[in-house]
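As stored in work_34.tsv (TSV, C-alpha atoms and all ligand atoms):
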```tsv
chain	number	residue	atom	x	y	z
A	1	MET	CA	-24.56	11.05	-70.58
A	2	ALA	CA	-25.99	7.95	-68.90
A	3	ALA	CA	-22.85	7.35	-66.80
A	4	PRO	CA	-23.50	10.00	-64.07
A	5	TYR	CA	-27.10	8.80	-63.69
A	6	LEU	CA	-25.87	5.26	-63.41
A	7	ALA	CA	-23.35	6.31	-60.74
A	8	ILE	CA	-26.04	8.16	-58.75
A	9	PHE	CA	-28.34	5.16	-59.11
A	10	LEU	CA	-25.66	2.75	-57.90
A	11	CYS	CA	-24.74	5.03	-54.97
A	12	TYR	CA	-28.30	5.56	-53.90
A	13	TYR	CA	-29.51	1.98	-54.14
A	14	PHE	CA	-26.39	-0.03	-53.34
A	15	LEU	CA	-23.44	1.84	-51.88
A	16	ILE	CA	-25.22	3.97	-49.27
A	17	PRO	CA	-27.46	1.15	-47.94
A	18	TYR	CA	-24.46	-1.20	-47.91
A	19	ARG	CA	-22.38	1.25	-45.85
A	20	LEU	CA	-25.31	1.85	-43.49
A	21	ILE	CA	-25.72	-1.88	-42.95
A	22	ILE	CA	-22.00	-2.32	-42.23
A	23	GLU	CA	-21.94	0.63	-39.79
A	24	ASN	CA	-25.07	-0.54	-37.98
A	25	ARG	CA	-23.62	-3.99	-37.68
A	26	LYS	CA	-20.42	-2.62	-36.16
A	27	THR	CA	-22.39	-0.53	-33.63
A	28	TRP	CA	-24.52	-3.56	-32.77
A	29	GLU	CA	-21.43	-5.73	-32.28
A	30	LEU	CA	-19.83	-3.12	-30.01
A	31	THR	CA	-22.99	-2.75	-27.91
A	32	GLU	CA	-23.25	-6.51	-27.60
A	33	LYS	CA	-19.58	-6.82	-26.56
A	34	ASN	CA	-20.05	-4.06	-24.01
A	35	ARG	CA	-23.15	-5.75	-22.58
A	36	LEU	CA	-21.26	-9.04	-22.26
A	37	LEU	CA	-18.30	-7.33	-20.58
A	38	VAL	CA	-20.60	-5.68	-18.02
A	39	GLN	CA	-22.22	-9.07	-17.34
A	40	VAL	CA	-18.83	-10.78	-16.90
A	41	GLU	CA	-17.66	-7.99	-14.56
A	42	GLU	CA	-20.84	-8.35	-12.47
A	43	LEU	CA	-20.44	-12.13	-12.32
A	44	LYS	CA	-16.79	-11.76	-11.29
A	45	ASN	CA	-17.64	-9.31	-8.51
A	46	ASN	CA	-20.51	-11.46	-7.24
A	47	PHE	CA	-18.28	-14.51	-7.29
A	48	ILE	CA	-15.47	-12.76	-5.39
A	49	SER	CA	-17.75	-11.38	-2.69
A	50	MET	CA	-19.59	-14.74	-2.32
A	51	MET	CA	-16.32	-16.67	-2.10
A	52	SER	CA	-14.75	-14.19	0.28
A	53	HIS	CA	-17.76	-14.25	2.56
A	54	ASP	CA	-17.92	-18.04	2.55
A	55	LEU	CA	-14.22	-18.29	3.37
A	56	LYS	CA	-14.33	-15.72	6.16
A	57	THR	CA	-16.78	-17.63	8.35
A	58	PRO	CA	-14.84	-20.92	8.66
A	59	LEU	CA	-11.62	-18.97	9.09
A	60	ALA	CA	-13.04	-16.98	11.97
A	61	ARG	CA	-14.08	-20.31	13.51
A	62	ILE	CA	-10.53	-21.71	13.16
A	63	GLN	CA	-9.18	-18.61	14.90
A	64	GLY	CA	-11.75	-18.86	17.67
A	65	MET	CA	-11.00	-22.55	18.24
A	66	SER	CA	-7.23	-22.04	18.36
A	67	ASP	CA	-7.75	-19.21	20.86
A	68	ILE	CA	-9.81	-21.52	23.06
A	69	VAL	CA	-7.20	-24.31	22.93
A	70	GLN	CA	-4.49	-21.80	23.74
A	71	ARG	CA	-6.44	-20.36	26.67
A	72	GLU	CA	-8.17	-23.35	28.19
A	73	GLY	CA	-6.45	-26.40	26.72
A	74	PRO	CA	-4.26	-28.79	28.69
A	75	ASP	CA	-0.61	-27.93	29.19
A	76	LEU	CA	0.90	-27.95	25.76
A	77	ASN	CA	4.53	-28.63	25.01
A	78	THR	CA	6.64	-26.04	23.17
A	79	LYS	CA	6.21	-27.67	19.78
A	80	GLN	CA	2.42	-27.78	20.14
A	81	LYS	CA	2.30	-24.17	21.31
A	82	GLU	CA	4.36	-23.16	18.28
A	83	ALA	CA	2.03	-25.08	15.96
A	84	LEU	CA	-0.97	-23.34	17.51
A	85	LEU	CA	0.64	-19.93	17.07
A	86	ASN	CA	1.33	-20.84	13.45
A	87	ILE	CA	-2.32	-21.77	12.85
A	88	ARG	CA	-3.38	-18.46	14.43
A	89	ALA	CA	-0.90	-16.40	12.37
A	90	SER	CA	-1.68	-18.13	9.07
A	91	SER	CA	-5.44	-17.76	9.49
A	92	GLU	CA	-4.90	-14.10	10.41
A	93	ASP	CA	-2.90	-13.61	7.17
A	94	LEU	CA	-5.59	-15.32	5.13
A	95	LEU	CA	-8.35	-13.31	6.78
A	96	ASN	CA	-6.50	-10.06	6.07
A	97	PHE	CA	-6.02	-11.12	2.47
A	98	ILE	CA	-9.70	-11.98	2.03
A	99	SER	CA	-10.77	-8.72	3.68
A	100	SER	CA	-8.61	-6.69	1.34
A	101	ILE	CA	-9.94	-8.58	-1.73
A	102	LEU	CA	-13.51	-8.00	-0.51
A	103	ASN	CA	-12.88	-4.33	0.16
A	104	PHE	CA	-11.15	-4.01	-3.19
A	105	SER	CA	-13.93	-5.66	-5.23
A	106	ARG	CA	-16.51	-3.43	-3.49
A	107	ILE	CA	-14.50	-0.33	-4.42
A	108	GLU	CA	-13.99	-1.55	-8.00
A	109	SER	CA	-17.69	-2.21	-8.53
A	110	GLN	CA	-19.20	0.74	-6.66
A	111	GLY	CA	-16.45	3.36	-6.77
A	112	VAL	CA	-15.78	5.66	-3.84
A	113	GLU	CA	-17.55	8.81	-2.81
A	114	LEU	CA	-15.36	11.43	-1.19
A	115	HIS	CA	-16.61	12.76	2.17
A	116	LEU	CA	-14.50	15.87	2.55
A	117	GLN	CA	-13.89	17.33	5.99
A	118	SER	CA	-11.37	19.75	7.37
A	119	ARG	CA	-8.62	17.53	8.84
A	120	ASP	CA	-5.10	18.03	10.15
A	121	ILE	CA	-2.95	15.39	8.41
A	122	ASN	CA	-0.64	15.26	11.46
A	123	ASN	CA	-3.56	14.10	13.62
A	124	LEU	CA	-4.47	11.41	11.08
A	125	ILE	CA	-0.85	10.19	11.13
A	126	LYS	CA	-0.83	10.08	14.95
A	127	GLU	CA	-4.07	8.03	14.96
A	128	VAL	CA	-2.59	5.53	12.47
A	129	VAL	CA	0.76	5.32	14.28
A	130	LYS	CA	-1.00	4.55	17.57
A	131	LYS	CA	-2.63	1.50	15.93
A	132	LEU	CA	0.62	0.29	14.34
A	133	GLU	CA	2.91	0.83	17.34
A	134	PHE	CA	2.49	-2.78	18.43
A	135	ALA	CA	3.38	-4.22	15.01
A	136	ALA	CA	6.51	-2.05	14.99
A	137	LYS	CA	7.44	-3.04	18.54
A	138	ILE	CA	7.28	-6.75	17.69
A	139	LYS	CA	10.00	-6.16	15.06
A	140	ASN	CA	11.85	-3.70	17.27
A	141	ILE	CA	11.33	-1.01	14.64
A	142	GLU	CA	11.45	2.60	15.78
A	143	LEU	CA	8.74	4.85	14.30
A	144	ILE	CA	10.12	8.41	14.26
A	145	LEU	CA	7.70	11.29	13.70
A	146	GLU	CA	8.94	14.67	12.45
A	147	LEU	CA	5.73	16.57	11.85
A	148	GLU	CA	5.69	20.27	11.02
A	149	PRO	CA	2.61	22.18	12.23
A	150	LEU	CA	0.06	22.12	9.39
A	151	PHE	CA	-3.12	23.91	8.35
A	152	SER	CA	-6.13	21.64	8.23
A	153	ILE	CA	-7.10	20.71	4.68
A	154	GLN	CA	-10.22	19.31	3.04
A	155	VAL	CA	-9.78	15.54	2.80
A	156	ASP	CA	-11.71	12.35	3.27
A	157	GLY	CA	-10.20	11.37	6.63
A	158	ASP	CA	-10.97	7.64	6.33
A	159	LEU	CA	-9.43	7.32	2.88
A	160	VAL	CA	-6.32	9.33	3.76
A	161	LYS	CA	-5.92	7.22	6.91
A	162	GLN	CA	-6.06	4.08	4.72
A	163	VAL	CA	-3.28	5.53	2.54
A	164	ILE	CA	-1.09	6.45	5.54
A	165	SER	CA	-1.78	3.10	7.17
A	166	ASN	CA	-0.80	1.19	4.04
A	167	LEU	CA	2.47	3.10	3.70
A	168	ILE	CA	3.49	2.68	7.35
A	169	GLU	CA	2.35	-0.96	7.45
A	170	ASN	CA	4.47	-1.67	4.36
A	171	ALA	CA	7.44	0.18	5.83
A	172	ILE	CA	7.24	-2.05	8.91
A	173	LYS	CA	6.51	-5.21	6.91
A	174	TYR	CA	9.36	-4.78	4.41
A	175	SER	CA	11.96	-3.70	7.00
A	176	THR	CA	14.39	-5.81	8.97
A	177	GLU	CA	14.32	-6.01	12.77
A	178	GLY	CA	15.82	-3.07	14.62
A	179	SER	CA	15.60	-0.58	11.75
A	180	LYS	CA	13.98	2.87	11.70
A	181	VAL	CA	10.96	4.28	9.89
A	182	LEU	CA	10.84	8.04	9.52
A	183	ILE	CA	7.48	9.76	9.00
A	184	THR	CA	7.60	13.44	8.10
A	185	THR	CA	5.18	16.17	7.06
A	186	GLU	CA	5.67	19.68	5.73
A	187	GLU	CA	3.88	22.27	3.66
A	188	LYS	CA	5.42	22.95	0.26
A	189	GLU	CA	4.21	24.97	-2.72
A	190	GLY	CA	0.49	24.62	-2.06
A	191	PHE	CA	0.66	20.98	-0.92
A	192	VAL	CA	0.83	19.07	2.33
A	193	VAL	CA	3.71	16.67	1.77
A	194	LEU	CA	3.86	13.45	3.76
A	195	GLN	CA	6.80	11.04	3.54
A	196	VAL	CA	7.35	7.55	4.90
A	197	ALA	CA	10.98	6.44	4.66
A	198	ASP	CA	12.30	3.02	5.64
A	199	GLN	CA	15.64	1.19	5.61
A	200	GLY	CA	14.13	-2.05	4.39
A	201	LEU	CA	14.01	-4.38	1.39
A	202	GLY	CA	13.82	-1.62	-1.24
A	203	ILE	CA	12.50	-1.92	-4.80
A	204	SER	CA	14.58	-2.48	-7.93
A	205	SER	CA	14.54	0.17	-10.68
A	206	GLU	CA	12.97	-2.47	-12.93
A	207	ASP	CA	9.99	-2.91	-10.57
A	208	LEU	CA	9.54	0.76	-9.61
A	209	PRO	CA	7.38	1.80	-12.63
A	210	ASN	CA	4.86	-0.97	-11.85
A	211	ILE	CA	4.62	-0.51	-8.11
A	212	PHE	CA	1.16	1.16	-8.10
A	213	MET	CA	-0.36	-1.38	-10.48
A	214	LYS	CA	-3.17	-3.68	-9.40
A	215	PHE	CA	-1.89	-6.94	-7.80
A	216	PHE	CA	1.76	-6.08	-8.54
A	217	ARG	CA	4.42	-7.39	-6.14
A	218	SER	CA	8.13	-6.76	-6.60
A	219	LYS	CA	10.47	-9.64	-7.41
A	220	ALA	CA	12.23	-9.07	-4.08
A	221	ALA	CA	8.91	-9.24	-2.17
A	222	LYS	CA	7.82	-12.40	-3.98
A	223	ALA	CA	11.17	-14.04	-3.24
A	224	SER	CA	10.86	-13.18	0.46
A	225	PRO	CA	8.60	-14.90	3.00
A	226	ILE	CA	6.65	-11.61	3.42
A	227	LYS	CA	3.03	-12.04	2.40
A	228	GLY	CA	0.95	-9.53	0.47
A	229	SER	CA	-1.74	-9.05	-2.15
A	230	GLY	CA	-0.48	-6.10	-4.22
A	231	ILE	CA	-3.72	-4.22	-3.64
A	232	GLY	CA	-2.72	-1.64	-1.00
A	233	LEU	CA	-0.58	0.66	-3.15
A	234	TYR	CA	-3.04	0.47	-6.06
A	235	LEU	CA	-5.80	1.69	-3.73
A	236	ALA	CA	-3.48	4.29	-2.15
A	237	HIS	CA	-2.79	5.68	-5.62
A	238	TYR	CA	-6.51	5.69	-6.44
A	239	PHE	CA	-7.47	7.44	-3.16
A	240	VAL	CA	-4.72	10.07	-3.55
A	241	SER	CA	-5.76	10.85	-7.12
A	242	LEU	CA	-9.38	11.27	-5.96
A	243	HIS	CA	-7.98	14.13	-3.84
A	244	LYS	CA	-6.16	15.53	-6.90
A	245	GLY	CA	-2.89	14.70	-5.17
A	246	ARG	CA	0.21	12.74	-6.13
A	247	ILE	CA	1.92	9.65	-4.74
A	248	PHE	CA	5.35	8.44	-5.79
A	249	VAL	CA	8.30	6.43	-4.52
A	250	GLU	CA	12.08	6.60	-4.56
A	251	SER	CA	13.87	3.42	-3.67
A	252	THR	CA	17.13	1.49	-3.83
A	253	LEU	CA	17.08	-2.28	-3.69
A	254	GLY	CA	18.49	-3.53	-0.39
A	255	GLN	CA	18.70	-0.03	1.12
A	256	GLY	CA	15.16	1.24	1.62
A	257	SER	CA	12.27	3.21	0.17
A	258	THR	CA	10.72	6.63	0.59
A	259	PHE	CA	7.07	7.03	-0.32
A	260	THR	CA	5.79	10.59	-0.81
A	261	VAL	CA	2.17	11.76	-0.81
A	262	GLU	CA	1.29	15.32	-1.87
A	263	LEU	CA	-2.20	16.59	-1.07
A	264	PRO	CA	-3.36	20.00	-2.32
A	265	ILE	CA	-3.97	22.57	0.41
A	266	THR	CA	-6.66	24.61	-1.34
A	267	PRO	CA	-9.13	25.47	-0.03
A	268	ALA	CA	-7.03	25.98	3.12
A	269	ILE	CA	-8.84	26.25	6.44
A	270	PRO	CA	-6.81	27.38	9.46
A	271	ALA	CA	-6.30	24.67	12.08
A	272	ASN	CA	-8.11	25.13	15.44
B	1	LIG	P1	1.38	-5.94	-0.55
B	1	LIG	O1	0.15	-6.46	0.11
B	1	LIG	O2	2.00	-6.95	-1.49
B	1	LIG	O3	2.37	-5.35	0.39
B	1	LIG	P2	1.05	-3.28	-1.71
B	1	LIG	O4	0.12	-2.90	-2.81
B	1	LIG	O5	0.92	-2.57	-0.43
B	1	LIG	O6	0.84	-4.85	-1.55
B	1	LIG	O7	2.51	-3.10	-2.26
B	1	LIG	C1	2.81	-3.56	-3.58
B	1	LIG	C2	4.25	-4.05	-3.63
B	1	LIG	O8	5.13	-2.93	-3.51
B	1	LIG	C3	4.66	-4.98	-2.52
B	1	LIG	O9	4.29	-6.30	-2.81
B	1	LIG	C4	6.17	-4.79	-2.49
B	1	LIG	O10	6.76	-5.54	-3.53
B	1	LIG	C5	6.32	-3.32	-2.82
B	1	LIG	N1	6.44	-2.45	-1.63
B	1	LIG	C6	5.49	-1.68	-1.08
B	1	LIG	N2	5.98	-1.00	-0.03
B	1	LIG	C7	7.27	-1.35	0.08
B	1	LIG	C8	8.34	-0.97	0.97
B	1	LIG	N3	8.14	-0.09	1.94
B	1	LIG	N4	9.55	-1.54	0.78
B	1	LIG	C9	9.76	-2.42	-0.24
B	1	LIG	N5	8.80	-2.80	-1.11
B	1	LIG	C10	7.57	-2.28	-0.94
```

Now, as a test, write the supplied structure out as structure tokens.
Amino acid sequence: MAAPYLAIFLCYYFLIPYRLIIENRKTWELTEKNRLLVQVEELKNNFISMMSHDLKTPLARIQGMSDIVQREGPDLNTKQKEALLNIRASSEDLLNFISSILNFSRIESQGVELHLQSRDINNLIKEVVKKLEFAAKIKNIELILELEPLFSIQVDGDLVKQVISNLIENAIKYSTEGSKVLITTEEKEGFVVLQVADQGLGISSEDLPNIFMKFFRSKAAKASPIKGSGIGLYLAHYFVSLHKGRIFVESTLGQGSTFTVELPITPAIPAN
């Protein structure tokens, strides 16, 4: 008869309080861990932006100085001119790298707000291509545009331009001299489909699944002298998904790659 009372007594005074203490402790530990993680993330972001800023200033000075020597300096011999060009190019690479890290850490910490406007993707492509024509010309790469007339769609023009720019820049960067880059657009099943196809380095089937991951660079890219940070495609993927679109790649190592971006048309607004 006394056994049930004893059980209730034990439950009430020992088991339940014990379980409550354990659960509270777990919640407290999780909150504490979370607070620490937020602090570490903040510290990391502050550190990156401080470092990047502090590195940018002396680098800009190096570039300025080498420009002055190149312009106004005494007659330099070929070797010296080459060295100066090398200084200029390396500091340009480093500055680009720092800018992309800075931009990236800002996006990671603050996120991105979409500013949707009615834009014709073909016009965005033409704006980007105009800026990259020179880079293509230096490598004797032909940029071919095959753009179908499109309806304007609601997109954040700046972000979509960053995506297009990254894809075309990569196509130029990872292609050999004298090759072709084909940029096409069409409307298909409720999407504007944009493709950038090159005949360049290509990506192995082993590396393909990781290509949109943060800081990822393919084995072939790392083995080549081509510089990069592995941030561009990660951001392109992020920006496209903010638009509820898709980005993917088909590629064969040593033969070339085709990147495809699909952006939803709805709500469609007729182009002017
Ligand atoms: P990166 O600054 O390294 O070019 P991205 O994020 O733009 O960074 O690209 C990630 C990686 O994807 C590159 O390092 C390269 O290995 C691969 N990649 C991207 N575009 C191409 C391309 N057109 N051809 C071959 N590889 C590419």

**Message:** Need to verify the contact set: range 168-170 of chain A, 8 Å, all atoms listed in the file, exclusion of same-chain residues closer than 3 positions in sequence. Can you return it as a PyMOL selection string?
**Reply:** chain A and resi 129+132+164-165+173-174+196

**Within 8 Å of ligand LIG 1 (chain B), counting all atoms listed in the file, residues as number ranges by chain** = A: 166-168, 170-175, 197-198, 200-203, 211-222, 227-235, 251, 256-259

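Taking CA of Asn210 in chain A and CA of Val240 in chain A as the two end points, the separation is 16.8 Å.
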
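The nearest approach to Val112 in chain A among the residues A:Glu82, A:Glu187, A:Asp156, A:Glu148, with only C-alpha atoms taken into account, belongs to A:Asp156.
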
**Message:** Can you tell me which residues surround Pro209 in chain A at a distance of at most 10 Å, considering only C-alpha atoms, apart from same-chain residues fewer than 5 positions away, and format the answer as a VMD selection string?
**Reply:** chain A and resid 204 248 to 249

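Interatomic distance, CA of Arg25 in chain A against CA of Leu37 in chain A: 18.2 Å.
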
**Complete:** Residue with the minimum atom-to-atom distance to Ser241 in chain A, picked from A:Leu94, A:Leu208, A:Leu114, A:Leu143 with all atoms listed in the file counted, is A:Leu114

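Candidate residues A:Glu92, A:Glu206, A:Glu113, A:Glu41 were compared for distance to Gly64 in chain A, and the nearest is A:Glu92, using all atoms listed in the file.
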
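From CA of Ile98 in chain A back to CA of Ala135 in chain A, the distance works out to 20.0 Å.
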